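Below is one structure, written out as structure tokens, with a few remarks after it.
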Amino acid sequence: MNTAYRMPAFFVRLCVFSTHPYFEKTNLFKFFKIEGGTVLPLMACKVSLQSLLATLIAISVANNGNDSAQVAGRCIAYVRPATRIPSALLHVVPMPAWEQRKLGDVASSFDYGLNAAATEYDGQNKYLRITDIDDETHEFSKSDLTTPLADLAMSADYLLKESDLLFARTGASVGKTYLYRQFDGMVYFAGFLIRARIGEGADPEFAYQATLTDAYKKYVAITSQRSGQPGVNAQEYADYQLMLPSKTEQQQIGMTLRSLDDLITLHQRKYDKLVILKKSMLEKMFPKDGESVPEIRFAGFTDPWEQRKLEDIANRVTRKNEGESDLPLTISSQYGLVDQRTFFNNQVASKDMSGYYLLRKGEFAYNKSTSGDSPWGAVKRLVRYEKGCVSTLYICFGLDGADPDFLVTYYETDRWYKAVQMIAAEGARNHGLLNIAPNDFFDTALILPPSREEQELIGLFFARLDNLITLHQRKLELLQNIKKSLLDKMFV
């Protein structure tokens with residue numbers, strides 16, 4: 001066993017004089033306890049983004065080298081606006097060195113899973129296979145539960161218990177891990193998984209979180225190289241070396257990262273629900289093919305929707321860019337009209353964009369290129385920039401006879417696919433580019449409410465829903481970036 005005389009970058013203990021009245025008068029006592037003059041996080045407290053940040057502050061940032069005071073100073077300078085802890089109350093406490101150990105030293109056993117087929121779920125006994133471990137969250141995905149086709153009375157050795165850490169041993173998912181949690185119920189693990197039963201000397205959550213680090217991923221990438229399918233066996237997993245602090249410190253780190261995982265999962269579920277809600281409302285708030293009334297409608301509107309040609313409500317835009325803009329735009333089915341240089345990390349358009357169409361904010365463009373998300377191309381409105389340049393392969397138009405937010409939403413449905421399909425020449429796809437003439441596109445029929453007020457209400461509803469989805473997506477991305485950063489900084 002080797003002793004490492006280094007600390008994880010960014011690990012600081014904040015200390016105070018426990019008798020100082022400052023902590024009696026603030027809400028910080030909800031997040032910390034004071035033992036021997038050291039501020040420790042109360043991990044059992046209800047987690048919010050604010051309290052989580054406060055908790056992370058209490059166990060984050062510095063090393064034990066000569067520059068620890070400078071590192072701590074930077075940490076405190078960053079933290080102080082959020083916590084308002086007087087700087088005079090803070091100092092760095094020396095931390096015990098971390099030890100280098102093999103995973104096999106802290107696991108009591110390594111076992112291969114049950115070689116049995118899956119059968120219909122019996123309502124109690126779950127079967128965990130590689131494909132049942134979510135690639136993003138590493139949680140047991142219960143969308144397609146099964147039961148092992150085996151004599152379960154003779155299969156007790158394959159039943160998971162707390163402290164069991166599973167590893168995928170072969171295939172594209174090699175290295176993927178899952179930590180058993182009691183709320184997952186009775187779970188048997190399948191043959192392409194390896195179980196490490198973490199012993200008393202280590203914290204299972206800390207060991208699991210260590211398998212999410214870049215160091216672990218690098219080890220798997222190198223070790224799994226085979227002549228055929230990539231794979232890592234039990235002995236190779238047991239040989240993986242990781243750095244361990246004291247058991248108490250492991251538990252604090254594990255619980256902190258687990259709290260963050262729970263917060264990420266919460267926001268992911270909120271985001272997923274909103275995306276599903278939008279998909280459902282797009283189906284129900286626009287009439288189905290051959291019908292003139294939607295399934296769900298705002299109160300006070302009863303008139304049937306009308307068919308209109310695009311040329312009746314729009315005017316084609318063919319203005320050329322004459323040095324007015326140097327912003328090359330491209331259409332993304334997910335993000336709309338975006339800066340080509342950022343989206344592709346490169347400028348695909350010509351440096352000289354004088355021959356390109358100049359699109360102004362609020363105008364639309366139709367990209368005839370097809371993709372999995374956009375089988376008949378994509379129509380998007382320019383909202384991020386005041387103006388920009390698009391390829392002359394795009395069909396551009398302004399709107400003067402309908403609500404623009406309504407039309408944005410209409411082109412997110414599949415209600416316009418049939419009209420475009422009818423004008424696309426038979427088999428006329430050139431490398432995914434539909435052969436559609438502008439005049440034919442403007443001749444396509446749309447169905448829309450006769451009342452401009454109803455159009456505006458529908459457009460406003462989906463615009464607000466989009467804003468809510470974007471808000472949750474940004475929160476989710478922020479939390480994921482925090483987690484990634486902490487995995488880098490809280491492990492040696």
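Following the order of the structure tokens, chains are lettered A, B, ..., residues in each are numbered from 1, and ligands are numbered from 1.
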
_Using DSSP secondary structure from the backbone, list all alpha helix (DSSP H) positions within segment 150-242 of chain A, as a PyMOL selection string._
chain A and resi 204-210+214-223+234-238

_Selection: 12 Å around Asp151 of chain A, only C-alpha atoms, excl. self and same-chain fewer than 2 positions, as an NGL selection string_ = :A and (114-117 or 125 or 147-149 or 153-158 or 188)

Dump of N, CA and C atoms for the selected residues, as a PDB file, in the first residue's frame:
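Output (part29.pdb):
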```pdb
ATOM      1  N   LEU A 114     -25.545 -13.857 -13.181  1.00  0.00           N
ATOM      2  CA  LEU A 114     -26.363 -15.030 -13.460  1.00  0.00           C
ATOM      3  C   LEU A 114     -26.516 -15.233 -14.967  1.00  0.00           C
ATOM      4  N   ASN A 115     -26.189 -16.417 -15.443  1.00  0.00           N
ATOM      5  CA  ASN A 115     -26.367 -16.739 -16.865  1.00  0.00           C
ATOM      6  C   ASN A 115     -27.744 -17.343 -17.065  1.00  0.00           C
ATOM      7  N   ALA A 116     -28.711 -16.461 -17.287  1.00  0.00           N
ATOM      8  CA  ALA A 116     -30.092 -16.903 -17.480  1.00  0.00           C
ATOM      9  C   ALA A 116     -30.796 -15.944 -18.416  1.00  0.00           C
ATOM     10  N   ALA A 117     -31.762 -16.476 -19.146  1.00  0.00           N
ATOM     11  CA  ALA A 117     -32.561 -15.631 -20.030  1.00  0.00           C
ATOM     12  C   ALA A 117     -33.523 -14.789 -19.205  1.00  0.00           C
ATOM     13  N   ASN A 125     -39.356  -9.927  -8.489  1.00  0.00           N
ATOM     14  CA  ASN A 125     -37.949 -10.240  -8.747  1.00  0.00           C
ATOM     15  C   ASN A 125     -37.487  -9.579 -10.049  1.00  0.00           C
ATOM     16  N   THR A 147     -37.810 -10.630 -15.270  1.00  0.00           N
ATOM     17  CA  THR A 147     -37.412 -11.536 -14.191  1.00  0.00           C
ATOM     18  C   THR A 147     -36.516 -12.602 -14.786  1.00  0.00           C
ATOM     19  N   PRO A 148     -35.446 -13.018 -14.072  1.00  0.00           N
ATOM     20  CA  PRO A 148     -34.588 -14.063 -14.622  1.00  0.00           C
ATOM     21  C   PRO A 148     -35.318 -15.402 -14.732  1.00  0.00           C
ATOM     22  N   LEU A 149     -35.109 -16.093 -15.858  1.00  0.00           N
ATOM     23  CA  LEU A 149     -35.701 -17.407 -16.075  1.00  0.00           C
ATOM     24  C   LEU A 149     -34.772 -18.443 -15.438  1.00  0.00           C
ATOM     25  N   ALA A 153     -34.721 -19.848  -6.035  1.00  0.00           N
ATOM     26  CA  ALA A 153     -34.364 -20.393  -4.728  1.00  0.00           C
ATOM     27  C   ALA A 153     -32.902 -20.815  -4.681  1.00  0.00           C
ATOM     28  N   MET A 154     -32.348 -21.147  -5.876  1.00  0.00           N
ATOM     29  CA  MET A 154     -30.954 -21.554  -5.972  1.00  0.00           C
ATOM     30  C   MET A 154     -30.065 -20.410  -6.467  1.00  0.00           C
ATOM     31  N   SER A 155     -30.622 -19.202  -6.570  1.00  0.00           N
ATOM     32  CA  SER A 155     -29.892 -18.074  -7.170  1.00  0.00           C
ATOM     33  C   SER A 155     -29.673 -16.928  -6.193  1.00  0.00           C
ATOM     34  N   ALA A 156     -29.727 -17.230  -4.898  1.00  0.00           N
ATOM     35  CA  ALA A 156     -29.605 -16.167  -3.893  1.00  0.00           C
ATOM     36  C   ALA A 156     -28.265 -15.449  -3.969  1.00  0.00           C
ATOM     37  N   ASP A 157     -27.226 -16.136  -4.470  1.00  0.00           N
ATOM     38  CA  ASP A 157     -25.904 -15.508  -4.558  1.00  0.00           C
ATOM     39  C   ASP A 157     -25.886 -14.339  -5.542  1.00  0.00           C
ATOM     40  N   TYR A 158     -26.870 -14.298  -6.417  1.00  0.00           N
ATOM     41  CA  TYR A 158     -26.912 -13.240  -7.440  1.00  0.00           C
ATOM     42  C   TYR A 158     -27.851 -12.091  -7.042  1.00  0.00           C
ATOM     43  N   TYR A 188     -31.627  -9.214  -9.239  1.00  0.00           N
ATOM     44  CA  TYR A 188     -30.597 -10.188  -9.594  1.00  0.00           C
ATOM     45  C   TYR A 188     -29.797  -9.614 -10.761  1.00  0.00           C
TER      46      TYR A 188
END
```

*Of the candidates A:Thr413, A:Asn315, A:Asn481, A:Thr444, which shows the shortest atom-to-atom distance to Asp400 of chain A, using only C-alpha atoms?*
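For Asp400 of chain A, the nearest of the given residues is A:Asn315.
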
*Determine, counting only C-alpha atoms, which protein, DNA and RNA residues have an atom within 10 Å of an atom of Ala207 of chain A; residues of the same chain fewer than 2 positions away are not included. Present the result as JSON, numbers by chain.*
{"A": [103, 106, 107, 163, 165, 179, 198, 202, 203, 204, 205, 209, 210, 211, 212, 242, 243, 244, 250, 251, 254]}

*Long-range neighbours of Pro328 of chain A as number ranges by chain, 7 Å cut-off, only C-alpha atoms, 5 positions minimum in chain*: A: 339-340, 349, 388-390

*Report the distance between atom CA of Arg308 of chain A and atom CA of Pro449 of chain A in Å, rounded to one decimal place.*
10.0 Å

*List every residue of segment 316-432 of chain A that DSSP, applied to the backbone of this structure, assigns to strand (DSSP E), and report them as a VMD selection string.*
chain A and resid 316 to 317 329 to 332 336 to 339 357 to 360 364 to 367 378 to 381 387 to 390 395 to 399 429 to 430

*asked:* If I take atom CA of Gly191 of chain A and atom CA of Tyr219 of chain A, how far is one from the other in Å, to one decimal?
replied: 22.2 Å

*asked:* Can you pull out the residues contacting Lys126 of chain A? Cut-off 9 Å, using only C-alpha atoms, and skip same-chain residues under 6 positions away; I want them as a ChimeraX atom specification.
replied: /A:145-148,184-189

*Suppose you want the space between atom CA of Leu166 of chain A and atom CA of Tyr240 of chain A; what is it in Å?*
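Rounded to one decimal, the two atoms are 14.2 Å apart.
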
*Which one of A:Arg464, A:Lys247, A:Lys483, A:Lys475 sits closest to Lys278 of chain A if you count only C-alpha atoms?*
A:Arg464

*Selection near Asp239 of chain A, 12 Å with only C-alpha atoms, sequence-local residues under 4 positions removed, as a list of chain:residue names*: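 These residues fall inside the cut-off: A:Gln100, A:Arg101, A:Lys102, A:Leu103, A:Gly104, A:Asp105, A:Val106, A:Ala107, A:Phe110, A:Tyr216, A:Tyr219, A:Val220, A:Thr223, A:Val232, A:Asn233, A:Ala234, A:Gln235.
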
*Using only C-alpha atoms, which of the listed residues (A:Gln473, A:Thr137, A:Thr392, A:Gln307) sits closest to Asp443 of chain A?*
A:Gln307

*Using only C-alpha atoms, which residues sit within 12 Å of Glu311 of chain A once same-chain residues fewer than 6 positions away are excluded, as a list in words?*
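Using only C-alpha atoms, the neighbours found are Val317, Cys396, Phe397, Gly398, Leu399, Asp400, Gly401, Ala402, Pro438, Asn439, Asp440, Phe441, Phe442, Asp443, Thr444, Ala445 and Leu446 of chain A.
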